[in-house]
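For reference, upload-v5.txt (compact mmCIF, C-alpha atoms (C1' of nucleotides)):
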```txt
# COMPACT_ATOMS: atom_id res chain seq x y z
CA MET A 27 104.69 98.54 78.02
CA LYS A 28 106.33 95.29 77.04
CA THR A 29 104.07 92.27 76.71
CA SER A 30 106.01 90.29 79.30
CA GLU A 31 105.51 93.10 81.81
CA ARG A 32 101.80 93.34 81.03
CA ILE A 33 101.51 89.61 81.59
CA LEU A 34 103.38 89.85 84.87
CA ASN A 35 101.19 92.66 86.17
CA ALA A 36 97.97 90.93 85.23
CA ALA A 37 99.23 87.66 86.69
CA THR A 38 100.18 89.30 89.98
CA ILE A 39 96.71 90.77 90.31
CA ALA A 40 94.99 87.52 89.33
CA PHE A 41 97.10 85.30 91.59
CA GLY A 42 96.79 87.74 94.47
CA GLU A 43 93.04 88.10 94.19
CA ASN A 44 91.84 84.71 92.97
CA GLY A 45 94.69 82.50 94.08
CA TYR A 46 96.90 80.23 92.01
CA ASP A 47 94.31 77.55 91.33
CA GLY A 48 91.62 80.15 90.78
CA THR A 49 93.57 81.69 87.93
CA SER A 50 93.62 80.11 84.48
CA LEU A 51 96.04 81.05 81.75
CA ASP A 52 93.19 81.29 79.26
CA THR A 53 91.20 83.89 81.17
CA LEU A 54 94.42 85.73 81.95
CA ALA A 55 95.21 85.85 78.24
CA LYS A 56 91.69 86.97 77.41
CA GLU A 57 92.01 89.91 79.81
CA LEU A 58 95.20 90.92 78.06
CA GLY A 59 93.75 90.48 74.58
CA ILE A 60 96.32 87.85 73.62
CA ARG A 61 96.45 84.06 73.30
CA LYS A 62 97.48 81.74 76.08
CA GLN A 63 100.42 80.53 74.02
CA SER A 64 101.91 84.01 74.10
CA ILE A 65 101.95 83.81 77.89
CA LEU A 66 103.68 80.44 77.68
CA TYR A 67 106.22 81.94 75.32
CA HIS A 68 107.34 84.49 77.92
CA TYR A 69 106.89 82.20 80.93
CA PRO A 70 107.38 78.53 80.09
CA THR A 71 104.96 77.20 82.72
CA LYS A 72 102.22 78.52 84.97
CA GLU A 73 104.44 77.96 87.97
CA ALA A 74 107.25 79.98 86.39
CA LEU A 75 104.75 82.83 86.01
CA LEU A 76 103.80 82.50 89.66
CA ASP A 77 107.44 82.55 90.73
CA ALA A 78 108.06 85.68 88.70
CA SER A 79 105.01 87.38 90.22
CA VAL A 80 106.06 86.48 93.73
CA PHE A 81 109.61 87.64 93.11
CA GLY A 82 108.28 90.97 91.86
CA ALA A 83 105.95 91.38 94.83
CA ILE A 84 108.71 90.72 97.33
CA GLU A 85 110.96 93.17 95.54
CA VAL A 86 108.35 95.91 95.75
CA LEU A 87 107.72 95.22 99.41
CA ALA A 88 111.45 95.17 100.17
CA THR A 89 111.87 98.50 98.42
CA VAL A 90 109.00 100.08 100.31
CA LEU A 91 110.37 98.87 103.63
CA SER A 92 113.95 99.90 102.98
CA ASP A 93 112.68 103.32 101.90
CA ALA A 94 110.87 103.47 105.22
CA VAL A 95 114.09 102.70 107.06
CA ARG A 96 115.94 105.38 105.12
CA ASP A 97 113.28 108.05 105.67
CA SER A 98 112.79 107.46 109.36
CA GLU A 99 114.30 108.25 112.68
CA GLU A 100 114.88 105.50 115.19
CA GLY A 101 112.38 104.06 117.65
CA TRP A 102 108.65 104.36 117.28
CA ASP A 103 108.93 106.80 114.40
CA ARG A 104 110.32 104.07 112.18
CA ILE A 105 107.50 101.65 112.92
CA GLU A 106 104.95 104.37 112.25
CA ILE A 107 106.43 105.18 108.86
CA MET A 108 106.62 101.49 107.99
CA VAL A 109 102.97 100.94 108.82
CA ARG A 110 102.02 104.01 106.79
CA LYS A 111 103.94 102.78 103.76
CA VAL A 112 102.62 99.23 104.00
CA PHE A 113 99.10 100.59 104.28
CA ARG A 114 99.58 102.78 101.26
CA LEU A 115 100.83 99.74 99.40
CA ALA A 116 97.84 97.74 100.59
CA ILE A 117 95.51 100.40 99.18
CA GLN A 118 97.30 101.04 95.91
CA ARG A 119 98.27 97.47 95.13
CA PRO A 120 96.26 95.15 97.39
CA GLU A 121 97.10 92.22 95.14
CA LEU A 122 100.72 92.28 96.31
CA LEU A 123 99.95 91.47 99.94
CA GLY A 124 97.24 89.07 98.82
CA LEU A 125 99.80 87.27 96.72
CA LEU A 126 102.20 86.92 99.63
CA ARG A 127 99.44 85.44 101.74
CA GLU A 128 98.56 83.06 98.93
CA VAL A 129 102.17 81.94 98.73
CA SER A 130 102.27 81.14 102.43
CA ARG A 131 99.16 79.01 101.94
CA LEU A 132 100.54 77.20 98.91
CA GLY A 133 103.57 76.04 100.86
CA PRO A 134 106.63 74.53 99.18
CA PRO A 135 108.12 74.73 96.66
CA THR A 136 107.04 78.29 95.90
CA LEU A 137 107.12 79.34 99.53
CA THR A 138 110.64 77.97 99.94
CA LYS A 139 111.92 80.10 97.07
CA ALA A 140 109.97 83.14 98.26
CA ILE A 141 111.47 82.93 101.70
CA LYS A 142 114.94 83.36 100.26
CA GLY A 143 113.97 86.88 99.28
CA PHE A 144 111.89 87.50 102.37
CA ASP A 145 114.20 86.21 105.06
CA PRO A 146 116.63 89.17 104.95
CA LEU A 147 113.72 91.49 105.70
CA ILE A 148 112.73 89.44 108.72
CA GLN A 149 116.33 89.20 109.88
CA GLY A 150 116.79 92.94 109.52
CA ALA A 151 113.63 93.67 111.43
CA THR A 152 114.56 91.22 114.16
CA ASP A 153 118.04 92.67 114.62
CA TRP A 154 116.71 96.17 114.66
CA LEU A 155 114.03 95.36 117.22
CA LYS A 156 116.66 93.72 119.41
CA SER A 157 118.83 96.82 119.40
CA GLU A 158 115.83 99.04 120.08
CA MET A 159 115.04 96.87 123.09
CA ASP A 160 118.59 97.33 124.33
CA PHE A 161 118.09 101.06 124.08
CA GLY A 162 114.86 100.68 126.05
CA ARG A 163 112.80 102.19 123.28
CA ILE A 164 110.84 99.00 122.67
CA ARG A 165 109.34 96.78 125.33
CA GLU A 166 111.55 93.80 126.18
CA SER A 167 110.45 90.51 124.60
CA ASP A 168 111.46 87.87 122.07
CA PRO A 169 112.14 89.95 118.94
CA TYR A 170 111.63 87.06 116.57
CA LEU A 171 108.16 86.29 117.86
CA LEU A 172 107.37 89.96 118.08
CA VAL A 173 108.12 90.41 114.39
CA ILE A 174 105.62 87.68 113.64
CA SER A 175 102.94 89.32 115.76
CA VAL A 176 103.48 92.71 114.19
CA TYR A 177 103.56 91.15 110.74
CA SER A 178 100.25 89.45 111.45
CA VAL A 179 98.51 92.59 112.63
CA ILE A 180 99.65 94.68 109.72
CA MET A 181 98.98 91.95 107.18
CA GLY A 182 95.58 91.31 108.68
CA ALA A 183 94.55 94.93 108.88
CA ALA A 184 95.82 95.53 105.37
CA THR A 185 94.40 92.48 103.63
CA GLU A 186 91.09 91.70 105.30
CA GLY A 187 89.33 94.16 103.02
CA ASN A 188 86.83 91.58 101.78
CA LEU A 189 85.92 90.59 105.29
CA LEU A 190 85.52 94.15 106.48
CA GLU A 191 83.32 95.00 103.52
CA ALA A 192 81.13 91.98 104.19
CA ILE A 193 80.57 92.89 107.82
CA GLY A 194 79.64 96.38 106.78
CA VAL A 195 82.78 98.32 107.65
CA GLN A 196 83.05 101.21 105.23
CA GLN A 197 86.09 101.31 102.98
CA THR A 198 86.35 104.97 102.03
CA PRO A 199 89.84 106.49 102.17
CA ARG A 200 88.82 108.26 105.35
CA ASP A 201 87.83 104.98 106.99
CA VAL A 202 91.09 103.37 105.99
CA VAL A 203 92.99 106.24 107.56
CA LEU A 204 90.96 105.77 110.73
CA ARG A 205 91.75 102.07 110.75
CA ARG A 206 95.43 102.77 110.22
CA LYS A 207 95.40 105.21 113.13
CA GLU A 208 93.68 102.67 115.32
CA LEU A 209 96.23 100.04 114.34
CA LEU A 210 99.06 102.41 115.15
CA ARG A 211 97.58 103.14 118.57
CA PHE A 212 97.24 99.41 119.11
CA LEU A 213 100.84 98.72 118.10
CA ARG A 214 102.10 101.66 120.08
CA SER A 215 100.53 100.46 123.30
CA ALA A 216 101.86 96.99 122.64
CA LEU A 217 105.42 98.02 121.88
CA ILE A 218 106.35 101.15 123.75
CA PRO A 219 107.45 100.64 127.35
CA VAL A 220 105.83 102.67 130.06
CA ALA A 221 107.93 105.73 130.88
CA ASN A 222 109.51 105.41 134.31
CA MET B 3 80.43 57.59 111.11
CA LYS B 4 77.80 58.47 108.52
CA THR B 5 79.04 58.96 104.99
CA SER B 6 77.73 62.50 104.82
CA GLU B 7 79.72 63.39 107.94
CA ARG B 8 82.86 61.75 106.61
CA ILE B 9 82.48 63.76 103.42
CA LEU B 10 81.97 66.95 105.37
CA ASN B 11 85.07 66.39 107.51
CA ALA B 12 87.28 65.56 104.55
CA ALA B 13 85.91 68.52 102.62
CA THR B 14 86.56 70.92 105.50
CA ILE B 15 90.16 69.79 105.68
CA ALA B 16 90.64 69.92 101.92
CA PHE B 17 89.00 73.34 101.47
CA GLY B 18 90.86 74.74 104.47
CA GLU B 19 94.27 73.48 103.37
CA ASN B 20 94.14 73.59 99.57
CA GLY B 21 91.45 76.17 99.01
CA TYR B 22 88.19 75.83 97.12
CA ASP B 23 89.68 75.82 93.64
CA GLY B 24 92.51 73.58 94.76
CA THR B 25 90.09 70.88 95.83
CA SER B 26 88.47 68.55 93.30
CA LEU B 27 85.54 66.30 94.05
CA ASP B 28 87.33 63.40 92.41
CA THR B 29 90.40 63.49 94.64
CA LEU B 30 88.17 64.12 97.64
CA ALA B 31 86.18 61.00 96.78
CA LYS B 32 89.35 58.99 96.26
CA GLU B 33 90.57 59.92 99.73
CA LEU B 34 87.30 58.67 101.15
CA GLY B 35 87.31 55.49 99.09
CA ILE B 36 84.04 56.35 97.37
CA ARG B 37 82.91 57.72 93.99
CA LYS B 38 82.42 61.39 93.27
CA GLN B 39 78.74 60.76 92.55
CA SER B 40 78.22 59.69 96.14
CA ILE B 41 79.44 63.10 97.25
CA LEU B 42 77.06 64.76 94.83
CA TYR B 43 74.25 62.66 96.23
CA HIS B 44 74.72 64.10 99.73
CA TYR B 45 75.69 67.59 98.59
CA PRO B 46 74.12 68.52 95.27
CA THR B 47 76.91 70.85 94.15
CA LYS B 48 80.48 71.61 95.11
CA GLU B 49 79.39 75.00 96.40
CA ALA B 50 76.76 73.38 98.62
CA LEU B 51 79.53 71.27 100.10
CA LEU B 52 81.60 74.38 100.72
CA ASP B 53 78.68 76.13 102.40
CA ALA B 54 78.12 73.16 104.66
CA SER B 55 81.82 73.06 105.58
CA VAL B 56 81.87 76.76 106.36
CA PHE B 57 78.71 76.53 108.39
CA GLY B 58 80.23 73.70 110.42
CA ALA B 59 83.47 75.57 110.97
CA ILE B 60 81.69 78.67 112.21
CA GLU B 61 79.58 76.58 114.53
CA VAL B 62 82.65 74.98 116.09
CA LEU B 63 84.35 78.34 116.51
CA ALA B 64 81.23 79.87 118.02
CA THR B 65 80.98 77.00 120.49
CA VAL B 66 84.61 77.32 121.50
CA LEU B 67 84.25 81.05 122.04
CA SER B 68 81.01 80.87 123.97
CA ASP B 69 82.57 78.17 126.15
CA ALA B 70 85.41 80.59 126.75
CA VAL B 71 82.95 83.26 127.85
CA ARG B 72 81.20 80.83 130.16
CA ASP B 73 84.43 79.56 131.76
CA SER B 74 86.04 82.93 132.31
CA GLU B 75 85.99 85.84 134.69
CA GLU B 76 85.73 89.35 133.34
CA GLY B 77 88.54 91.54 132.01
CA TRP B 78 91.85 90.24 130.86
CA ASP B 79 91.14 86.74 132.13
CA ARG B 80 88.48 86.28 129.49
CA ILE B 81 90.75 87.32 126.62
CA GLU B 82 93.45 85.00 127.86
CA ILE B 83 91.11 82.02 127.95
CA MET B 84 89.80 82.87 124.51
CA VAL B 85 93.26 83.02 123.03
CA ARG B 86 94.12 79.72 124.68
CA LYS B 87 91.05 78.03 123.25
CA VAL B 88 91.51 79.45 119.78
CA PHE B 89 95.13 78.32 119.82
CA ARG B 90 94.14 74.84 120.90
CA LEU B 91 91.66 74.82 118.05
CA ALA B 92 94.34 76.02 115.65
CA ILE B 93 96.58 73.13 116.66
CA GLN B 94 93.95 70.41 116.77
CA ARG B 95 91.98 71.47 113.73
CA PRO B 96 94.06 73.99 111.75
CA GLU B 97 91.82 73.47 108.72
CA LEU B 98 88.97 75.30 110.44
CA LEU B 99 90.75 78.64 110.68
CA GLY B 100 92.28 78.08 107.27
CA LEU B 101 88.81 77.60 105.87
CA LEU B 102 87.57 80.84 107.40
CA ARG B 103 90.48 82.69 105.84
CA GLU B 104 89.74 81.06 102.51
CA VAL B 105 86.14 82.19 102.74
CA SER B 106 87.16 85.78 103.33
CA ARG B 107 89.33 85.57 100.21
CA LEU B 108 86.61 84.01 98.09
CA GLY B 109 84.27 86.91 98.80
CA PRO B 110 80.55 86.80 97.98
CA PRO B 111 78.36 84.84 97.82
CA THR B 112 79.89 82.40 100.30
CA LEU B 113 81.33 85.14 102.47
CA THR B 114 77.98 86.87 102.64
CA LYS B 115 76.29 83.77 103.98
CA ALA B 116 79.17 83.04 106.34
CA ILE B 117 78.96 86.50 107.86
CA LYS B 118 75.40 85.83 108.96
CA GLY B 119 76.75 83.24 111.38
CA PHE B 120 79.84 85.19 112.22
CA ASP B 121 78.40 88.63 112.82
CA PRO B 122 76.83 87.81 116.21
CA LEU B 123 80.27 86.80 117.47
CA ILE B 124 81.75 90.09 116.36
CA GLN B 125 78.83 92.02 117.81
CA GLY B 126 79.14 90.21 121.12
CA ALA B 127 82.86 90.84 121.29
CA THR B 128 82.39 94.49 120.40
CA ASP B 129 79.73 95.07 123.04
CA TRP B 130 81.75 93.29 125.67
CA LEU B 131 84.90 95.28 124.88
CA LYS B 132 82.89 98.48 125.11
CA SER B 133 81.63 97.64 128.56
CA GLU B 134 85.10 96.61 129.66
CA MET B 135 86.36 99.99 128.53
CA ASP B 136 83.67 101.69 130.57
CA PHE B 137 84.89 99.76 133.58
CA GLY B 138 88.44 100.90 132.78
CA ARG B 139 89.69 97.35 132.44
CA ILE B 140 90.53 97.75 128.76
CA ARG B 141 92.30 100.70 127.19
CA GLU B 142 89.91 103.22 125.66
CA SER B 143 89.59 103.00 121.87
CA ASP B 144 87.19 102.16 119.06
CA PRO B 145 85.96 98.70 120.07
CA TYR B 146 84.94 97.73 116.55
CA LEU B 147 88.37 98.41 115.10
CA LEU B 148 89.99 96.84 118.12
CA VAL B 149 88.13 93.59 117.51
CA ILE B 150 89.52 93.54 114.00
CA SER B 151 93.07 94.07 115.21
CA VAL B 152 92.80 91.36 117.84
CA TYR B 153 91.16 89.05 115.33
CA SER B 154 94.05 89.65 112.92
CA VAL B 155 96.75 88.92 115.46
CA ILE B 156 95.16 85.73 116.70
CA MET B 157 94.26 84.55 113.23
CA GLY B 158 97.74 85.36 111.97
CA ALA B 159 99.56 83.74 114.85
CA ALA B 160 97.33 80.70 114.61
CA THR B 161 97.30 80.18 110.86
CA GLU B 162 100.73 81.21 109.60
CA GLY B 163 102.10 77.76 110.38
CA ASN B 164 103.36 77.23 106.84
CA LEU B 165 105.19 80.51 106.84
CA LEU B 166 106.78 79.92 110.20
CA GLU B 167 107.93 76.48 109.18
CA ALA B 168 109.47 77.84 106.01
CA ILE B 169 111.47 80.52 107.81
CA GLY B 170 112.73 77.88 110.20
CA VAL B 171 110.62 78.55 113.28
CA GLN B 172 110.21 75.26 115.09
CA GLN B 173 106.68 73.93 115.46
CA THR B 174 106.98 71.57 118.42
CA PRO B 175 104.20 71.84 121.02
CA ARG B 176 106.63 73.63 123.30
CA ASP B 177 107.35 76.25 120.63
CA VAL B 178 103.67 76.78 120.03
CA VAL B 179 103.14 77.36 123.74
CA LEU B 180 105.98 79.88 123.70
CA ARG B 181 104.41 81.66 120.77
CA ARG B 182 101.06 81.74 122.46
CA LYS B 183 102.64 83.22 125.58
CA GLU B 184 104.39 85.85 123.50
CA LEU B 185 101.14 86.68 121.76
CA LEU B 186 99.38 87.02 125.10
CA ARG B 187 102.08 89.37 126.37
CA PHE B 188 101.73 91.37 123.17
CA LEU B 189 97.95 91.58 123.48
CA ARG B 190 98.15 92.35 127.17
CA SER B 191 100.44 95.31 126.64
CA ALA B 192 98.21 96.53 123.85
CA LEU B 193 94.95 96.25 125.74
CA ILE B 194 95.47 96.76 129.44
CA PRO B 195 95.59 100.36 130.57
CA VAL B 196 98.49 101.52 132.69
CA ALA B 197 97.56 101.44 136.37
CA ASN B 198 97.20 104.92 137.81
C1' DT C 21 57.98 37.87 99.41
C1' DC C 22 56.72 42.09 97.42
C1' DT C 23 57.49 46.93 97.51
C1' DA C 24 59.20 51.44 98.40
C1' DC C 25 63.09 53.99 99.63
C1' DT C 26 67.91 55.11 100.32
C1' DT C 27 72.43 54.89 98.98
C1' DT C 28 76.14 53.96 95.95
C1' DC C 29 77.56 52.83 91.77
C1' DT C 30 78.83 52.78 86.25
C1' DA C 31 78.67 55.31 82.19
C1' DC C 32 78.76 59.60 80.11
C1' DC C 33 79.03 64.53 78.85
C1' DA C 34 80.41 69.22 77.69
C1' DC C 35 83.86 72.09 79.03
C1' DT C 36 88.24 73.72 80.81
C1' DT C 37 92.91 72.82 82.18
C1' DG C 38 98.18 73.44 81.26
C1' DG C 39 101.10 72.42 77.70
C1' DT C 40 103.24 70.95 72.74
C1' DA C 41 104.14 71.50 67.69
C1' DG C 42 104.79 74.18 64.32
C1' DG C 43 103.55 78.13 61.07
C1' DC C 44 104.10 83.01 59.88
C1' DA C 45 105.08 87.83 60.00
C1' DA C 46 108.19 91.39 61.65
C1' DT C 47 112.80 92.87 62.76
C1' DG C 48 117.50 93.50 62.42
C1' DC C 49 122.15 91.97 61.06
C1' DT C 50 125.49 90.79 57.32
C1' DA D 5 119.21 90.63 49.07
C1' DG D 6 119.51 86.54 52.37
C1' DC D 7 119.01 84.80 56.89
C1' DA D 8 118.38 84.10 61.75
C1' DT D 9 115.82 85.60 65.75
C1' DT D 10 111.88 87.26 68.17
C1' DG D 11 107.13 87.30 69.17
C1' DC D 12 102.62 85.96 68.59
C1' DC D 13 99.67 83.07 66.43
C1' DT D 14 96.42 78.56 64.98
C1' DA D 15 95.69 73.84 65.77
C1' DC D 16 95.69 70.33 68.77
C1' DC D 17 95.95 67.09 72.85
C1' DA D 18 95.59 64.26 77.06
C1' DA D 19 93.95 64.82 81.45
C1' DG D 20 90.84 66.61 84.61
C1' DT D 21 86.59 69.50 85.86
C1' DG D 22 81.68 69.64 87.91
C1' DG D 23 77.55 67.57 86.90
C1' DT D 24 73.52 64.30 84.76
C1' DA D 25 71.05 59.84 83.90
C1' DG D 26 69.94 55.91 85.38
C1' DA D 27 71.08 51.14 86.83
C1' DA D 28 72.17 48.13 90.78
C1' DA D 29 72.42 47.00 95.49
C1' DG D 30 71.08 47.23 100.07
C1' DT D 31 67.36 48.00 103.78
C1' DA D 32 63.11 48.10 106.10
C1' DG D 33 58.19 47.63 106.55
C1' DA D 34 53.82 45.15 105.01
```

Can the structure in the file be given as structure tokens, please?
Amino acid sequence: MKTSERILNAATIAFGENGYDGTSLDTLAKELGIRKQSILYHYPTKEALLDASVFGAIEVLATVLSDAVRDSEEGWDRIEIMVRKVFRLAIQRPELLGLLREVSRLGPPTLTKAIKGFDPLIQGATDWLKSEMDFGRIRESDPYLLVISVYSVIMGAATEGNLLEAIGVQQTPRDVVLRRKELLRFLRSALIPVAN
Amino acid sequence: MKTSERILNAATIAFGENGYDGTSLDTLAKELGIRKQSILYHYPTKEALLDASVFGAIEVLATVLSDAVRDSEEGWDRIEIMVRKVFRLAIQRPELLGLLREVSRLGPPTLTKAIKGFDPLIQGATDWLKSEMDFGRIRESDPYLLVISVYSVIMGAATEGNLLEAIGVQQTPRDVVLRRKELLRFLRSALIPVAN
DNA sequence: TCTACTTTCTACCACTTGGTAGGCAATGCT
DNA sequence: AGCATTGCCTACCAAGTGGTAGAAAGTAGA
């Protein structure tokens, strides 16, 4: 693998797990077995490295979600597949979601740039939810605010690993599946209108 | 106000908004118009200051929640009052919830200590949900996992202010009320069983 | 007034931070 | 061969980090 890619991967993990301020270029370089100046050769500043990491993370997430749209039917089925894929992502690459959360805490200017890549996803989800509501397949409500709620639940369930571990919730694959199922039941009750 | 309290307040805000690593004792002291060594007199290390901040934040949250329990009827009413109070807290002192999120990202040892104060709240909520389910007032499911989901939604809705601002969601008091209402509708659909 | 104690300060310190300047080997093009 | 470019390096720097030592200033009781 190319050095610049190795740097980007390590940086994404470090930023996502330890935060921007909690990550130093020196320790990052040490992990990679190179010098800090090699990092600064490929990415001129620490912030440029962060931007690249964030861009990559958003790209991965966008791909996962658009795959979910492609592979799914309409209605509830689509939400279920999305949650499954996001959960799988949260297990395989937890640093990605952690990084996105970190970005939203950092605020501008990084957040402002990140939103440019993220906004289409939100728009798409909002439009889709609206049309599903028109079809009566999703409970009527403000789609924009609903997206935020759903985003919060999924993000929370997927990223609060540290917290869960600390309060003694097991983290075996089986437990994660259970938690995903519980989340789906929760979302399902919240979203699906009562048949009438 | 006593200096040690002023330090604690400023530290809670700084840690909650900029994170632990993003907060330096020097800038903190400058904000307060004192020297860094005065901080280190009242709190021997930076980590001790963090622990004190976290302890204070948990105490406030615990008070708010137990007030909510005292002031509320059973069933849905109680959840609604809790959400209201947590939202008010999120508006008046957003740094508190931000700090709790930061702690869960930092992991041990701070998280481990924090959980000691936090666990009773979770236990209480879990037990209460269980009994509500027995009464048929809350939809049947794993109460432990349900607490986590509800925690995630509230925490997300209450702390993603930065994100919302960046994607252009207004943050006027009226908008916050709207968002709280939407969240309550969301939770209500998710939790309340269908009458039969 | 003397004394003991609390609080805040100045002066430092070793270490880490992100970043600059420039050398040096490898690679590939002419 | 000669030469430019790429990629990684050593050497260094100014600024900032958390923390120590100990002096100075206030405060209260005898």

Excluding DT14 of chain D and any residue of its chain fewer than 6 positions from it, enumerate the residues within 10 Å of it, using only C-alpha atoms (C1' of nucleotides), and give them as a short mmCIF file (atom, residue, chain, number, x, y, z; two decimals) with C-alpha atoms (C1' of nucleotides), in the frame of the given file.
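Below you can see around_10.cif, which holds the result:
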```cif
data_model
loop_
_atom_site.label_atom_id
_atom_site.label_comp_id
_atom_site.auth_asym_id
_atom_site.auth_seq_id
_atom_site.Cartn_x
_atom_site.Cartn_y
_atom_site.Cartn_z
CA ARG A 61 96.45 84.06 73.30
"C1'" DG C 42 104.79 74.18 64.32
"C1'" DG C 43 103.55 78.13 61.07
#
```

Counting all atoms listed in the file, which of D:DG33, D:DG23, D:DG6, D:DG11 gets nearest to chain A? D:DG11

For chain D, which residue out of A:Ser215, A:Ser50, A:Thr198, A:Thr29 is the nearest one, using all atoms listed in the file?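 So, comparing all the options, the nearest one is A:Thr29.
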
Starting from chain B, keep only residues with some atom at most 9 Å from an atom of chain A, counting all atoms listed in the file, and report them as a JSON list (two decimals) with C-alpha atoms, keeping the file's coordinate frame.
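After the write, selection-v1.json holds the following:
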```json
[["chain", "number", "residue", "atom", "x", "y", "z"],
["B", 19, "GLU", "CA", 94.27, 73.48, 103.37],
["B", 20, "ASN", "CA", 94.14, 73.59, 99.57],
["B", 21, "GLY", "CA", 91.45, 76.17, 99.01],
["B", 22, "TYR", "CA", 88.19, 75.83, 97.12],
["B", 23, "ASP", "CA", 89.68, 75.82, 93.64],
["B", 24, "GLY", "CA", 92.51, 73.58, 94.76],
["B", 100, "GLY", "CA", 92.28, 78.08, 107.27],
["B", 105, "VAL", "CA", 86.14, 82.19, 102.74],
["B", 106, "SER", "CA", 87.16, 85.78, 103.33],
["B", 107, "ARG", "CA", 89.33, 85.57, 100.21],
["B", 108, "LEU", "CA", 86.61, 84.01, 98.09],
["B", 109, "GLY", "CA", 84.27, 86.91, 98.80],
["B", 110, "PRO", "CA", 80.55, 86.80, 97.98],
["B", 113, "LEU", "CA", 81.33, 85.14, 102.47],
["B", 114, "THR", "CA", 77.98, 86.87, 102.64],
["B", 117, "ILE", "CA", 78.96, 86.50, 107.86],
["B", 118, "LYS", "CA", 75.40, 85.83, 108.96],
["B", 120, "PHE", "CA", 79.84, 85.19, 112.22],
["B", 121, "ASP", "CA", 78.40, 88.63, 112.82],
["B", 143, "SER", "CA", 89.59, 103.00, 121.87],
["B", 144, "ASP", "CA", 87.19, 102.16, 119.06],
["B", 147, "LEU", "CA", 88.37, 98.41, 115.10],
["B", 148, "LEU", "CA", 89.99, 96.84, 118.12],
["B", 150, "ILE", "CA", 89.52, 93.54, 114.00],
["B", 151, "SER", "CA", 93.07, 94.07, 115.21],
["B", 152, "VAL", "CA", 92.80, 91.36, 117.84],
["B", 153, "TYR", "CA", 91.16, 89.05, 115.33],
["B", 154, "SER", "CA", 94.05, 89.65, 112.92],
["B", 155, "VAL", "CA", 96.75, 88.92, 115.46],
["B", 156, "ILE", "CA", 95.16, 85.73, 116.70],
["B", 157, "MET", "CA", 94.26, 84.55, 113.23],
["B", 158, "GLY", "CA", 97.74, 85.36, 111.97],
["B", 159, "ALA", "CA", 99.56, 83.74, 114.85],
["B", 162, "GLU", "CA", 100.73, 81.21, 109.60],
["B", 163, "GLY", "CA", 102.10, 77.76, 110.38],
["B", 164, "ASN", "CA", 103.36, 77.23, 106.84],
["B", 165, "LEU", "CA", 105.19, 80.51, 106.84],
["B", 166, "LEU", "CA", 106.78, 79.92, 110.20],
["B", 168, "ALA", "CA", 109.47, 77.84, 106.01],
["B", 169, "ILE", "CA", 111.47, 80.52, 107.81],
["B", 180, "LEU", "CA", 105.98, 79.88, 123.70],
["B", 181, "ARG", "CA", 104.41, 81.66, 120.77],
["B", 184, "GLU", "CA", 104.39, 85.85, 123.50],
["B", 185, "LEU", "CA", 101.14, 86.68, 121.76],
["B", 187, "ARG", "CA", 102.08, 89.37, 126.37],
["B", 188, "PHE", "CA", 101.73, 91.37, 123.17],
["B", 189, "LEU", "CA", 97.95, 91.58, 123.48],
["B", 190, "ARG", "CA", 98.15, 92.35, 127.17],
["B", 191, "SER", "CA", 100.44, 95.31, 126.64],
["B", 192, "ALA", "CA", 98.21, 96.53, 123.85],
["B", 193, "LEU", "CA", 94.95, 96.25, 125.74],
["B", 194, "ILE", "CA", 95.47, 96.76, 129.44],
["B", 195, "PRO", "CA", 95.59, 100.36, 130.57],
["B", 196, "VAL", "CA", 98.49, 101.52, 132.69]]
```

Using all atoms listed in the file, find the one residue out of A:Thr71, A:Gln149, A:Ser79, A:Thr38 that sits nearest to chain C.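 Result for the nearest residue to chain C: A:Thr71.
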
Provide segment 94-101 of chain B rebuilt to N, CA and C atoms, formatted as a JSON list (two decimals), in the coordinates of the input.
```json
[["chain", "number", "residue", "atom", "x", "y", "z"],
["B", 94, "GLN", "N", 94.67, 71.66, 116.97],
["B", 94, "GLN", "CA", 93.95, 70.41, 116.77],
["B", 94, "GLN", "C", 93.24, 70.36, 115.42],
["B", 95, "ARG", "N", 92.70, 71.47, 115.00],
["B", 95, "ARG", "CA", 91.98, 71.47, 113.73],
["B", 95, "ARG", "C", 92.34, 72.72, 112.92],
["B", 96, "PRO", "N", 93.59, 72.78, 112.46],
["B", 96, "PRO", "CA", 94.06, 73.99, 111.75],
["B", 96, "PRO", "C", 93.22, 74.30, 110.52],
["B", 97, "GLU", "N", 92.60, 73.26, 109.94],
["B", 97, "GLU", "CA", 91.82, 73.47, 108.72],
["B", 97, "GLU", "C", 90.64, 74.41, 108.95],
["B", 98, "LEU", "N", 90.14, 74.46, 110.19],
["B", 98, "LEU", "CA", 88.97, 75.30, 110.44],
["B", 98, "LEU", "C", 89.29, 76.78, 110.23],
["B", 99, "LEU", "N", 90.39, 77.24, 110.84],
["B", 99, "LEU", "CA", 90.75, 78.64, 110.68],
["B", 99, "LEU", "C", 91.19, 78.91, 109.25],
["B", 100, "GLY", "N", 91.89, 77.93, 108.67],
["B", 100, "GLY", "CA", 92.28, 78.08, 107.27],
["B", 100, "GLY", "C", 91.07, 78.25, 106.38],
["B", 101, "LEU", "N", 90.03, 77.50, 106.67],
["B", 101, "LEU", "CA", 88.81, 77.60, 105.87],
["B", 101, "LEU", "C", 88.18, 78.98, 105.99]]
```
